[in-house]
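Heads up, structure_31.pdb below (PDB, C-alpha atoms, pLDDT in the B column):
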ATOM      1  CA  MET A   1      26.944   3.917  -0.306  1.00 61.00           C
ATOM      2  CA  ILE A   2      30.476   2.701   0.356  1.00 69.00           C
ATOM      3  CA  SER A   3      32.900   2.463  -2.550  1.00 78.00           C
ATOM      4  CA  ILE A   4      36.060   0.389  -2.296  1.00 85.00           C
ATOM      5  CA  THR A   5      38.606   0.558  -5.091  1.00 89.00           C
ATOM      6  CA  LYS A   6      40.286  -2.483  -6.618  1.00 90.00           C
ATOM      7  CA  LYS A   7      43.626  -1.195  -5.327  1.00 92.00           C
ATOM      8  CA  THR A   8      42.281  -1.134  -1.757  1.00 92.00           C
ATOM      9  CA  LEU A   9      41.018  -4.705  -2.142  1.00 92.00           C
ATOM     10  CA  GLN A  10      44.443  -5.735  -3.432  1.00 93.00           C
ATOM     11  CA  ASP A  11      46.174  -3.996  -0.514  1.00 93.00           C
ATOM     12  CA  LEU A  12      43.853  -5.792   1.906  1.00 92.00           C
ATOM     13  CA  GLU A  13      44.600  -9.092   0.115  1.00 95.00           C
ATOM     14  CA  PHE A  14      40.881  -9.632  -0.345  1.00 95.00           C
ATOM     15  CA  ASP A  15      41.481 -12.499  -2.814  1.00 94.00           C
ATOM     16  CA  THR A  16      43.547 -14.312  -0.167  1.00 95.00           C
ATOM     17  CA  ILE A  17      40.718 -13.895   2.326  1.00 95.00           C
ATOM     18  CA  LEU A  18      38.215 -15.283  -0.192  1.00 96.00           C
ATOM     19  CA  GLN A  19      40.489 -18.247  -0.866  1.00 96.00           C
ATOM     20  CA  THR A  20      40.765 -18.949   2.877  1.00 96.00           C
ATOM     21  CA  ILE A  21      36.979 -18.832   3.197  1.00 95.00           C
ATOM     22  CA  SER A  22      36.575 -21.077   0.160  1.00 95.00           C
ATOM     23  CA  ASP A  23      39.045 -23.610   1.578  1.00 95.00           C
ATOM     24  CA  ARG A  24      36.902 -23.916   4.709  1.00 94.00           C
ATOM     25  CA  CYS A  25      33.694 -24.580   2.755  1.00 91.00           C
ATOM     26  CA  VAL A  26      32.376 -28.134   2.788  1.00 87.00           C
ATOM     27  CA  THR A  27      30.409 -28.155  -0.471  1.00 87.00           C
ATOM     28  CA  GLU A  28      31.317 -27.135  -4.006  1.00 88.00           C
ATOM     29  CA  ILE A  29      28.422 -24.678  -4.029  1.00 90.00           C
ATOM     30  CA  GLY A  30      29.861 -23.053  -0.910  1.00 91.00           C
ATOM     31  CA  LYS A  31      33.310 -22.828  -2.480  1.00 93.00           C
ATOM     32  CA  LEU A  32      31.880 -21.151  -5.580  1.00 92.00           C
ATOM     33  CA  LYS A  33      29.768 -18.719  -3.552  1.00 94.00           C
ATOM     34  CA  ALA A  34      32.739 -17.860  -1.330  1.00 95.00           C
ATOM     35  CA  GLY A  35      34.749 -16.878  -4.387  1.00 92.00           C
ATOM     36  CA  SER A  36      32.069 -14.425  -5.464  1.00 93.00           C
ATOM     37  CA  ILE A  37      31.837 -12.503  -2.181  1.00 94.00           C
ATOM     38  CA  VAL A  38      32.040  -8.732  -2.579  1.00 92.00           C
ATOM     39  CA  PRO A  39      32.203  -6.033   0.100  1.00 91.00           C
ATOM     40  CA  PHE A  40      28.860  -4.761   1.353  1.00 91.00           C
ATOM     41  CA  ALA A  41      27.630  -1.609  -0.310  1.00 87.00           C
ATOM     42  CA  ASP A  42      26.024  -0.048   2.757  1.00 90.00           C
ATOM     43  CA  LYS A  43      26.462  -0.083   6.506  1.00 91.00           C
ATOM     44  CA  GLU A  44      22.940  -1.330   7.289  1.00 93.00           C
ATOM     45  CA  THR A  45      23.362  -4.496   5.221  1.00 93.00           C
ATOM     46  CA  LEU A  46      26.805  -5.047   6.706  1.00 93.00           C
ATOM     47  CA  MET A  47      25.564  -4.727  10.279  1.00 95.00           C
ATOM     48  CA  ASP A  48      22.667  -7.077   9.578  1.00 96.00           C
ATOM     49  CA  ALA A  49      25.042  -9.713   8.168  1.00 95.00           C
ATOM     50  CA  LEU A  50      27.448  -9.317  11.103  1.00 96.00           C
ATOM     51  CA  LEU A  51      24.604  -9.808  13.582  1.00 97.00           C
ATOM     52  CA  GLN A  52      23.494 -12.959  11.735  1.00 96.00           C
ATOM     53  CA  THR A  53      27.068 -14.234  11.828  1.00 94.00           C
ATOM     54  CA  SER A  54      27.330 -13.441  15.524  1.00 96.00           C
ATOM     55  CA  GLU A  55      24.123 -15.335  16.249  1.00 95.00           C
ATOM     56  CA  TYR A  56      25.334 -18.326  14.245  1.00 94.00           C
ATOM     57  CA  LEU A  57      28.686 -18.390  16.053  1.00 93.00           C
ATOM     58  CA  SER A  58      26.985 -18.093  19.439  1.00 93.00           C
ATOM     59  CA  SER A  59      25.044 -21.279  18.640  1.00 92.00           C
ATOM     60  CA  PHE A  60      28.282 -23.246  19.135  1.00 90.00           C
ATOM     61  CA  THR A  61      28.601 -22.117  22.744  1.00 90.00           C
ATOM     62  CA  ASN A  62      25.049 -21.932  24.064  1.00 86.00           C
ATOM     63  CA  ASN A  63      22.574 -24.667  25.012  1.00 85.00           C
ATOM     64  CA  ASN A  64      20.388 -24.010  21.980  1.00 85.00           C
ATOM     65  CA  ALA A  65      22.663 -25.161  19.160  1.00 89.00           C
ATOM     66  CA  ILE A  66      21.275 -24.796  15.653  1.00 92.00           C
ATOM     67  CA  PRO A  67      20.210 -28.239  14.350  1.00 92.00           C
ATOM     68  CA  ASN A  68      21.977 -30.009  11.508  1.00 86.00           C
ATOM     69  CA  HIS A  69      21.818 -27.854   8.405  1.00 85.00           C
ATOM     70  CA  GLY A  70      23.799 -29.930   5.930  1.00 82.00           C
ATOM     71  CA  PHE A  71      22.286 -30.807   2.570  1.00 82.00           C
ATOM     72  CA  ASP A  72      22.996 -32.665  -0.651  1.00 84.00           C
ATOM     73  CA  ASN A  73      23.710 -30.754  -3.841  1.00 86.00           C
ATOM     74  CA  LEU A  74      20.478 -30.785  -5.853  1.00 88.00           C
ATOM     75  CA  THR A  75      21.472 -28.253  -8.501  1.00 87.00           C
ATOM     76  CA  ASN A  76      21.538 -30.768 -11.356  1.00 89.00           C
ATOM     77  CA  ASP A  77      18.295 -32.388 -10.186  1.00 89.00           C
ATOM     78  CA  PHE A  78      16.513 -29.031 -10.252  1.00 87.00           C
ATOM     79  CA  LYS A  79      17.926 -28.300 -13.719  1.00 89.00           C
ATOM     80  CA  LEU A  80      16.444 -31.598 -14.945  1.00 88.00           C
ATOM     81  CA  LEU A  81      13.022 -30.564 -13.661  1.00 83.00           C
ATOM     82  CA  ALA A  82      13.063 -27.648 -16.099  1.00 85.00           C
ATOM     83  CA  ILE A  83      13.717 -29.907 -19.100  1.00 89.00           C
ATOM     84  CA  GLU A  84      10.647 -31.287 -20.834  1.00 86.00           C
ATOM     85  CA  ASP A  85      10.377 -35.115 -20.900  1.00 84.00           C
ATOM     86  CA  SER A  86      13.217 -35.546 -18.405  1.00 84.00           C
ATOM     87  CA  PHE A  87      12.836 -37.477 -15.156  1.00 84.00           C
ATOM     88  CA  LEU A  88      14.488 -37.771 -11.790  1.00 84.00           C
ATOM     89  CA  GLU A  89      15.735 -40.928 -10.175  1.00 87.00           C
ATOM     90  CA  VAL A  90      13.991 -42.119  -7.006  1.00 86.00           C
ATOM     91  CA  GLY A  91      17.002 -41.072  -4.910  1.00 87.00           C
ATOM     92  CA  SER A  92      16.644 -37.498  -6.107  1.00 89.00           C
ATOM     93  CA  PHE A  93      13.100 -37.338  -4.769  1.00 89.00           C
ATOM     94  CA  ARG A  94      14.291 -38.638  -1.400  1.00 90.00           C
ATOM     95  CA  LYS A  95      17.028 -35.978  -1.336  1.00 91.00           C
ATOM     96  CA  ILE A  96      14.451 -33.276  -2.101  1.00 92.00           C
ATOM     97  CA  ALA A  97      12.218 -34.538   0.716  1.00 92.00           C
ATOM     98  CA  THR A  98      15.192 -34.627   3.107  1.00 92.00           C
ATOM     99  CA  LEU A  99      16.107 -31.064   2.151  1.00 93.00           C
ATOM    100  CA  SER A 100      12.530 -29.979   2.829  1.00 94.00           C
ATOM    101  CA  GLU A 101      12.645 -31.688   6.256  1.00 95.00           C
ATOM    102  CA  THR A 102      15.912 -29.920   7.082  1.00 94.00           C
ATOM    103  CA  VAL A 103      14.466 -26.538   6.125  1.00 95.00           C
ATOM    104  CA  ASN A 104      11.299 -27.164   8.153  1.00 96.00           C
ATOM    105  CA  THR A 105      13.351 -28.186  11.187  1.00 96.00           C
ATOM    106  CA  LEU A 106      15.429 -25.020  10.961  1.00 96.00           C
ATOM    107  CA  LEU A 107      12.372 -22.807  10.493  1.00 97.00           C
ATOM    108  CA  LEU A 108      10.686 -24.251  13.575  1.00 96.00           C
ATOM    109  CA  PHE A 109      13.890 -24.028  15.605  1.00 96.00           C
ATOM    110  CA  LEU A 110      14.560 -20.402  14.708  1.00 96.00           C
ATOM    111  CA  LYS A 111      10.960 -19.467  15.440  1.00 96.00           C
ATOM    112  CA  LYS A 112      11.115 -21.206  18.829  1.00 95.00           C
ATOM    113  CA  PHE A 113      14.410 -19.538  19.752  1.00 95.00           C
ATOM    114  CA  GLN A 114      13.843 -16.172  18.127  1.00 94.00           C
ATOM    115  CA  ASP A 115      15.023 -14.486  21.334  1.00 94.00           C
ATOM    116  CA  TYR A 116      18.470 -16.070  20.834  1.00 94.00           C
ATOM    117  CA  TYR A 117      18.516 -15.734  17.038  1.00 96.00           C
ATOM    118  CA  PRO A 118      16.403 -12.688  16.098  1.00 96.00           C
ATOM    119  CA  LYS A 119      18.295 -11.786  12.912  1.00 97.00           C
ATOM    120  CA  LEU A 120      18.484 -15.376  11.673  1.00 96.00           C
ATOM    121  CA  ASN A 121      14.779 -15.804  12.374  1.00 97.00           C
ATOM    122  CA  GLU A 122      14.041 -12.537  10.573  1.00 96.00           C
ATOM    123  CA  ARG A 123      15.738 -14.012   7.516  1.00 95.00           C
ATOM    124  CA  ALA A 124      14.129 -17.436   7.943  1.00 96.00           C
ATOM    125  CA  ILE A 125      10.541 -16.191   8.070  1.00 96.00           C
ATOM    126  CA  GLN A 126      10.920 -15.236   4.418  1.00 96.00           C
ATOM    127  CA  ILE A 127      10.933 -18.985   3.639  1.00 95.00           C
ATOM    128  CA  GLU A 128       7.669 -20.889   3.460  1.00 94.00           C
ATOM    129  CA  TYR A 129       7.168 -23.781   5.868  1.00 95.00           C
ATOM    130  CA  THR A 130       5.634 -26.659   3.930  1.00 94.00           C
ATOM    131  CA  LYS A 131       5.081 -30.368   4.446  1.00 94.00           C
ATOM    132  CA  ILE A 132       3.474 -31.065   1.074  1.00 95.00           C
ATOM    133  CA  ILE A 133       6.764 -32.027  -0.619  1.00 93.00           C
ATOM    134  CA  ILE A 134       7.583 -34.539   2.104  1.00 93.00           C
ATOM    135  CA  GLN A 135       4.032 -35.951   2.091  1.00 93.00           C
ATOM    136  CA  LYS A 136       3.939 -36.379  -1.697  1.00 90.00           C
ATOM    137  CA  VAL A 137       7.304 -38.135  -1.772  1.00 91.00           C
ATOM    138  CA  ASP A 138       6.361 -40.375   1.188  1.00 89.00           C
ATOM    139  CA  GLU A 139       3.097 -41.350  -0.550  1.00 87.00           C
ATOM    140  CA  ILE A 140       5.027 -42.819  -3.442  1.00 86.00           C
ATOM    141  CA  ILE A 141       8.464 -43.848  -2.142  1.00 87.00           C
ATOM    142  CA  ASP A 142       9.020 -46.073   0.893  1.00 82.00           C
ATOM    143  CA  LYS A 143      11.762 -45.648   3.499  1.00 80.00           C
ATOM    144  CA  TYR A 144      14.026 -48.054   1.568  1.00 80.00           C
ATOM    145  CA  GLY A 145      13.946 -45.882  -1.555  1.00 78.00           C
ATOM    146  CA  GLU A 146      11.599 -48.148  -3.484  1.00 81.00           C
ATOM    147  CA  ILE A 147       8.403 -47.119  -5.251  1.00 81.00           C
ATOM    148  CA  LYS A 148       5.437 -48.320  -3.207  1.00 79.00           C
ATOM    149  CA  ASP A 149       3.152 -51.034  -4.553  1.00 77.00           C
ATOM    150  CA  ASN A 150       0.134 -48.753  -4.321  1.00 75.00           C
ATOM    151  CA  ALA A 151       1.771 -45.969  -6.381  1.00 66.00           C
ATOM    152  CA  SER A 152       0.221 -45.015  -9.715  1.00 69.00           C
ATOM    153  CA  ILE A 153       0.432 -47.324 -12.733  1.00 70.00           C
ATOM    154  CA  GLU A 154       2.802 -44.887 -14.474  1.00 68.00           C
ATOM    155  CA  LEU A 155       5.248 -45.055 -11.566  1.00 61.00           C
ATOM    156  CA  ALA A 156       4.930 -48.800 -11.064  1.00 57.00           C
TER     157      ALA A 156
END

Give the structure from this file in structure tokens form.
Amino acid sequence: MISITKKTLQDLEFDTILQTISDRCVTEIGKLKAGSIVPFADKETLMDALLQTSEYLSSFTNNNAIPNHGFDNLTNDFKLLAIEDSFLEVGSFRKIATLSETVNTLLLFLKKFQDYYPKLNERAIQIEYTKIIIQKVDEIIDKYGEIKDNASIELA
């Protein structure tokens, strides 16, 4: 177990590094997560993360670039799901379905190219591939974001 003192982190200007990382983040969630980065506690975890980073960076220069992995912030939508008698707008369901499609695309890609991205695939196989979310949303909401005529009476 590696122990780094606060003084060492100050000497290394770790806060400045975190701010630089945060400034490069696209989403607010990314900016918040970047600010909470701490040094790795053990060498094995560090090496695993560095290999994942290396694989990700190599995707910019090889012929098997990782597909689009951008997403909308759904934090508030998921919080609403936990509140009794609350509901989501139709657009939120479309965003959830789009997020599920993005995840499925990445899972299939990383499985297909596991020779190029073994560490990323190792991490990805922990996530369940599922089409049920997309199917359920598509059964009720059309491609224009409207509730279909044959949806249930409650939804109509």

*Residues around (4.3, -35.4, 1.9), cut-off 12 Å, counting all atoms listed in the file - what are they as a VMD selection string?*
chain A and resid 93 to 94 96 to 98 100 to 101 130 to 142

*Please evaluate the PyMOL selection byres ((chain A and resi 71) around 10) against the structure above and give the resulting residues as a list in words.*
Thr27, Asn68, His69, Gly70, Asp72, Asn73, Leu74, Lys95, Ile96, Thr98, Leu99, Ser100, Thr102 and Val103 of chain A

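Picture a line from CA of Leu12 (chain A) to CA of Phe40 (chain A); it runs 15.0 Å.
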
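Relative to CA of Leu108 (chain A), CA of Ile127 (chain A) is found at 11.2 Å.
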
*Who sits within 6 Å of Leu18 (chain A), only C-alpha atoms, same chain under 3 positions skipped, as a ChimeraX atom specification*: /A:15,21,35

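In this structure, CA of Lys33 (chain A) sits 15.5 Å away from CA of Ala49 (chain A).
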
_Under the rule that only C-alpha atoms are counted, which of A:Leu120, A:Ala34, A:Ile147, A:Leu9 is the nearest residue to Leu50 (chain A)?_
A:Leu120

N, CA and C atoms of region 62-101 of chain A from block above, as a PDB file, in the first residue's frame:
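What follows is the written file result_8.pdb:
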ATOM      1  N   ASN A  62      -5.140   4.345 -34.280  1.00  0.00           N
ATOM      2  CA  ASN A  62      -5.255   3.103 -35.049  1.00  0.00           C
ATOM      3  C   ASN A  62      -6.548   3.084 -35.867  1.00  0.00           C
ATOM      4  N   ASN A  63      -6.731   2.056 -36.672  1.00  0.00           N
ATOM      5  CA  ASN A  63      -7.879   1.970 -37.565  1.00  0.00           C
ATOM      6  C   ASN A  63      -9.144   1.484 -36.872  1.00  0.00           C
ATOM      7  N   ASN A  64      -9.067   1.185 -35.605  1.00  0.00           N
ATOM      8  CA  ASN A  64     -10.206   0.687 -34.856  1.00  0.00           C
ATOM      9  C   ASN A  64     -10.581   1.672 -33.751  1.00  0.00           C
ATOM     10  N   ALA A  65     -10.934   2.883 -34.139  1.00  0.00           N
ATOM     11  CA  ALA A  65     -11.252   3.933 -33.176  1.00  0.00           C
ATOM     12  C   ALA A  65     -12.503   3.568 -32.379  1.00  0.00           C
ATOM     13  N   ILE A  66     -12.461   3.859 -31.096  1.00  0.00           N
ATOM     14  CA  ILE A  66     -13.601   3.592 -30.223  1.00  0.00           C
ATOM     15  C   ILE A  66     -14.773   4.451 -30.696  1.00  0.00           C
ATOM     16  N   PRO A  67     -15.966   3.850 -30.830  1.00  0.00           N
ATOM     17  CA  PRO A  67     -17.137   4.612 -31.293  1.00  0.00           C
ATOM     18  C   PRO A  67     -17.511   5.743 -30.332  1.00  0.00           C
ATOM     19  N   ASN A  68     -18.394   6.595 -30.802  1.00  0.00           N
ATOM     20  CA  ASN A  68     -18.875   7.713 -29.991  1.00  0.00           C
ATOM     21  C   ASN A  68     -19.288   7.212 -28.613  1.00  0.00           C
ATOM     22  N   HIS A  69     -18.827   7.887 -27.581  1.00  0.00           N
ATOM     23  CA  HIS A  69     -19.171   7.490 -26.228  1.00  0.00           C
ATOM     24  C   HIS A  69     -19.645   8.690 -25.402  1.00  0.00           C
ATOM     25  N   GLY A  70     -20.210   9.669 -26.082  1.00  0.00           N
ATOM     26  CA  GLY A  70     -20.805  10.806 -25.393  1.00  0.00           C
ATOM     27  C   GLY A  70     -22.190  10.450 -24.880  1.00  0.00           C
ATOM     28  N   PHE A  71     -22.652  11.153 -23.870  1.00  0.00           N
ATOM     29  CA  PHE A  71     -23.965  10.876 -23.304  1.00  0.00           C
ATOM     30  C   PHE A  71     -24.528  12.130 -22.659  1.00  0.00           C
ATOM     31  N   ASP A  72     -25.851  12.135 -22.506  1.00  0.00           N
ATOM     32  CA  ASP A  72     -26.522  13.230 -21.805  1.00  0.00           C
ATOM     33  C   ASP A  72     -26.484  12.961 -20.303  1.00  0.00           C
ATOM     34  N   ASN A  73     -26.520  14.015 -19.526  1.00  0.00           N
ATOM     35  CA  ASN A  73     -26.563  13.882 -18.075  1.00  0.00           C
ATOM     36  C   ASN A  73     -27.974  13.449 -17.665  1.00  0.00           C
ATOM     37  N   LEU A  74     -28.071  12.280 -17.074  1.00  0.00           N
ATOM     38  CA  LEU A  74     -29.362  11.732 -16.645  1.00  0.00           C
ATOM     39  C   LEU A  74     -29.469  11.637 -15.129  1.00  0.00           C
ATOM     40  N   THR A  75     -28.582  12.282 -14.420  1.00  0.00           N
ATOM     41  CA  THR A  75     -28.556  12.187 -12.964  1.00  0.00           C
ATOM     42  C   THR A  75     -29.892  12.589 -12.349  1.00  0.00           C
ATOM     43  N   ASN A  76     -30.422  13.718 -12.750  1.00  0.00           N
ATOM     44  CA  ASN A  76     -31.697  14.187 -12.181  1.00  0.00           C
ATOM     45  C   ASN A  76     -32.854  13.279 -12.575  1.00  0.00           C
ATOM     46  N   ASP A  77     -32.811  12.747 -13.797  1.00  0.00           N
ATOM     47  CA  ASP A  77     -33.872  11.839 -14.247  1.00  0.00           C
ATOM     48  C   ASP A  77     -33.887  10.576 -13.390  1.00  0.00           C
ATOM     49  N   PHE A  78     -32.707  10.044 -13.098  1.00  0.00           N
ATOM     50  CA  PHE A  78     -32.627   8.838 -12.273  1.00  0.00           C
ATOM     51  C   PHE A  78     -33.058   9.122 -10.836  1.00  0.00           C
ATOM     52  N   LYS A  79     -32.772  10.323 -10.343  1.00  0.00           N
ATOM     53  CA  LYS A  79     -33.227  10.691  -8.994  1.00  0.00           C
ATOM     54  C   LYS A  79     -34.746  10.723  -8.940  1.00  0.00           C
ATOM     55  N   LEU A  80     -35.382  11.221 -10.012  1.00  0.00           N
ATOM     56  CA  LEU A  80     -36.846  11.271 -10.059  1.00  0.00           C
ATOM     57  C   LEU A  80     -37.460   9.876 -10.028  1.00  0.00           C
ATOM     58  N   LEU A  81     -36.779   8.911 -10.633  1.00  0.00           N
ATOM     59  CA  LEU A  81     -37.297   7.544 -10.637  1.00  0.00           C
ATOM     60  C   LEU A  81     -37.433   6.982  -9.227  1.00  0.00           C
ATOM     61  N   ALA A  82     -36.610   7.458  -8.313  1.00  0.00           N
ATOM     62  CA  ALA A  82     -36.631   6.959  -6.940  1.00  0.00           C
ATOM     63  C   ALA A  82     -37.721   7.617  -6.086  1.00  0.00           C
ATOM     64  N   ILE A  83     -38.347   8.659  -6.616  1.00  0.00           N
ATOM     65  CA  ILE A  83     -39.368   9.383  -5.860  1.00  0.00           C
ATOM     66  C   ILE A  83     -40.747   8.852  -6.231  1.00  0.00           C
ATOM     67  N   GLU A  84     -41.491   8.450  -5.217  1.00  0.00           N
ATOM     68  CA  GLU A  84     -42.827   7.900  -5.451  1.00  0.00           C
ATOM     69  C   GLU A  84     -43.740   8.969  -6.058  1.00  0.00           C
ATOM     70  N   ASP A  85     -44.568   8.565  -7.000  1.00  0.00           N
ATOM     71  CA  ASP A  85     -45.543   9.414  -7.701  1.00  0.00           C
ATOM     72  C   ASP A  85     -44.905  10.494  -8.571  1.00  0.00           C
ATOM     73  N   SER A  86     -43.617  10.368  -8.877  1.00  0.00           N
ATOM     74  CA  SER A  86     -43.003  11.302  -9.814  1.00  0.00           C
ATOM     75  C   SER A  86     -43.036  10.663 -11.200  1.00  0.00           C
ATOM     76  N   PHE A  87     -42.776  11.458 -12.227  1.00  0.00           N
ATOM     77  CA  PHE A  87     -42.768  10.925 -13.587  1.00  0.00           C
ATOM     78  C   PHE A  87     -41.687  11.610 -14.400  1.00  0.00           C
ATOM     79  N   LEU A  88     -41.304  10.952 -15.460  1.00  0.00           N
ATOM     80  CA  LEU A  88     -40.307  11.498 -16.373  1.00  0.00           C
ATOM     81  C   LEU A  88     -40.994  12.004 -17.627  1.00  0.00           C
ATOM     82  N   GLU A  89     -40.405  13.017 -18.218  1.00  0.00           N
ATOM     83  CA  GLU A  89     -40.885  13.515 -19.492  1.00  0.00           C
ATOM     84  C   GLU A  89     -40.505  12.514 -20.585  1.00  0.00           C
ATOM     85  N   VAL A  90     -41.182  12.585 -21.712  1.00  0.00           N
ATOM     86  CA  VAL A  90     -40.923  11.674 -22.825  1.00  0.00           C
ATOM     87  C   VAL A  90     -39.468  11.769 -23.274  1.00  0.00           C
ATOM     88  N   GLY A  91     -38.919  12.960 -23.311  1.00  0.00           N
ATOM     89  CA  GLY A  91     -37.525  13.154 -23.725  1.00  0.00           C
ATOM     90  C   GLY A  91     -36.538  12.419 -22.838  1.00  0.00           C
ATOM     91  N   SER A  92     -36.859  12.304 -21.567  1.00  0.00           N
ATOM     92  CA  SER A  92     -35.979  11.583 -20.648  1.00  0.00           C
ATOM     93  C   SER A  92     -35.914  10.101 -21.010  1.00  0.00           C
ATOM     94  N   PHE A  93     -37.037   9.543 -21.398  1.00  0.00           N
ATOM     95  CA  PHE A  93     -37.045   8.130 -21.797  1.00  0.00           C
ATOM     96  C   PHE A  93     -36.225   7.926 -23.070  1.00  0.00           C
ATOM     97  N   ARG A  94     -36.303   8.865 -23.989  1.00  0.00           N
ATOM     98  CA  ARG A  94     -35.494   8.765 -25.210  1.00  0.00           C
ATOM     99  C   ARG A  94     -34.005   8.859 -24.873  1.00  0.00           C
ATOM    100  N   LYS A  95     -33.651   9.741 -23.942  1.00  0.00           N
ATOM    101  CA  LYS A  95     -32.245   9.866 -23.535  1.00  0.00           C
ATOM    102  C   LYS A  95     -31.751   8.579 -22.878  1.00  0.00           C
ATOM    103  N   ILE A  96     -32.598   7.952 -22.081  1.00  0.00           N
ATOM    104  CA  ILE A  96     -32.226   6.686 -21.434  1.00  0.00           C
ATOM    105  C   ILE A  96     -32.011   5.610 -22.490  1.00  0.00           C
ATOM    106  N   ALA A  97     -32.902   5.549 -23.476  1.00  0.00           N
ATOM    107  CA  ALA A  97     -32.757   4.563 -24.553  1.00  0.00           C
ATOM    108  C   ALA A  97     -31.482   4.828 -25.362  1.00  0.00           C
ATOM    109  N   THR A  98     -31.188   6.084 -25.633  1.00  0.00           N
ATOM    110  CA  THR A  98     -29.975   6.440 -26.371  1.00  0.00           C
ATOM    111  C   THR A  98     -28.731   6.057 -25.574  1.00  0.00           C
ATOM    112  N   LEU A  99     -28.757   6.278 -24.278  1.00  0.00           N
ATOM    113  CA  LEU A  99     -27.633   5.881 -23.429  1.00  0.00           C
ATOM    114  C   LEU A  99     -27.438   4.368 -23.477  1.00  0.00           C
ATOM    115  N   SER A 100     -28.534   3.634 -23.431  1.00  0.00           N
ATOM    116  CA  SER A 100     -28.453   2.173 -23.499  1.00  0.00           C
ATOM    117  C   SER A 100     -27.870   1.725 -24.845  1.00  0.00           C
ATOM    118  N   GLU A 101     -28.263   2.379 -25.931  1.00  0.00           N
ATOM    119  CA  GLU A 101     -27.713   2.064 -27.257  1.00  0.00           C
ATOM    120  C   GLU A 101     -26.208   2.334 -27.307  1.00  0.00           C
TER     121      GLU A 101
END
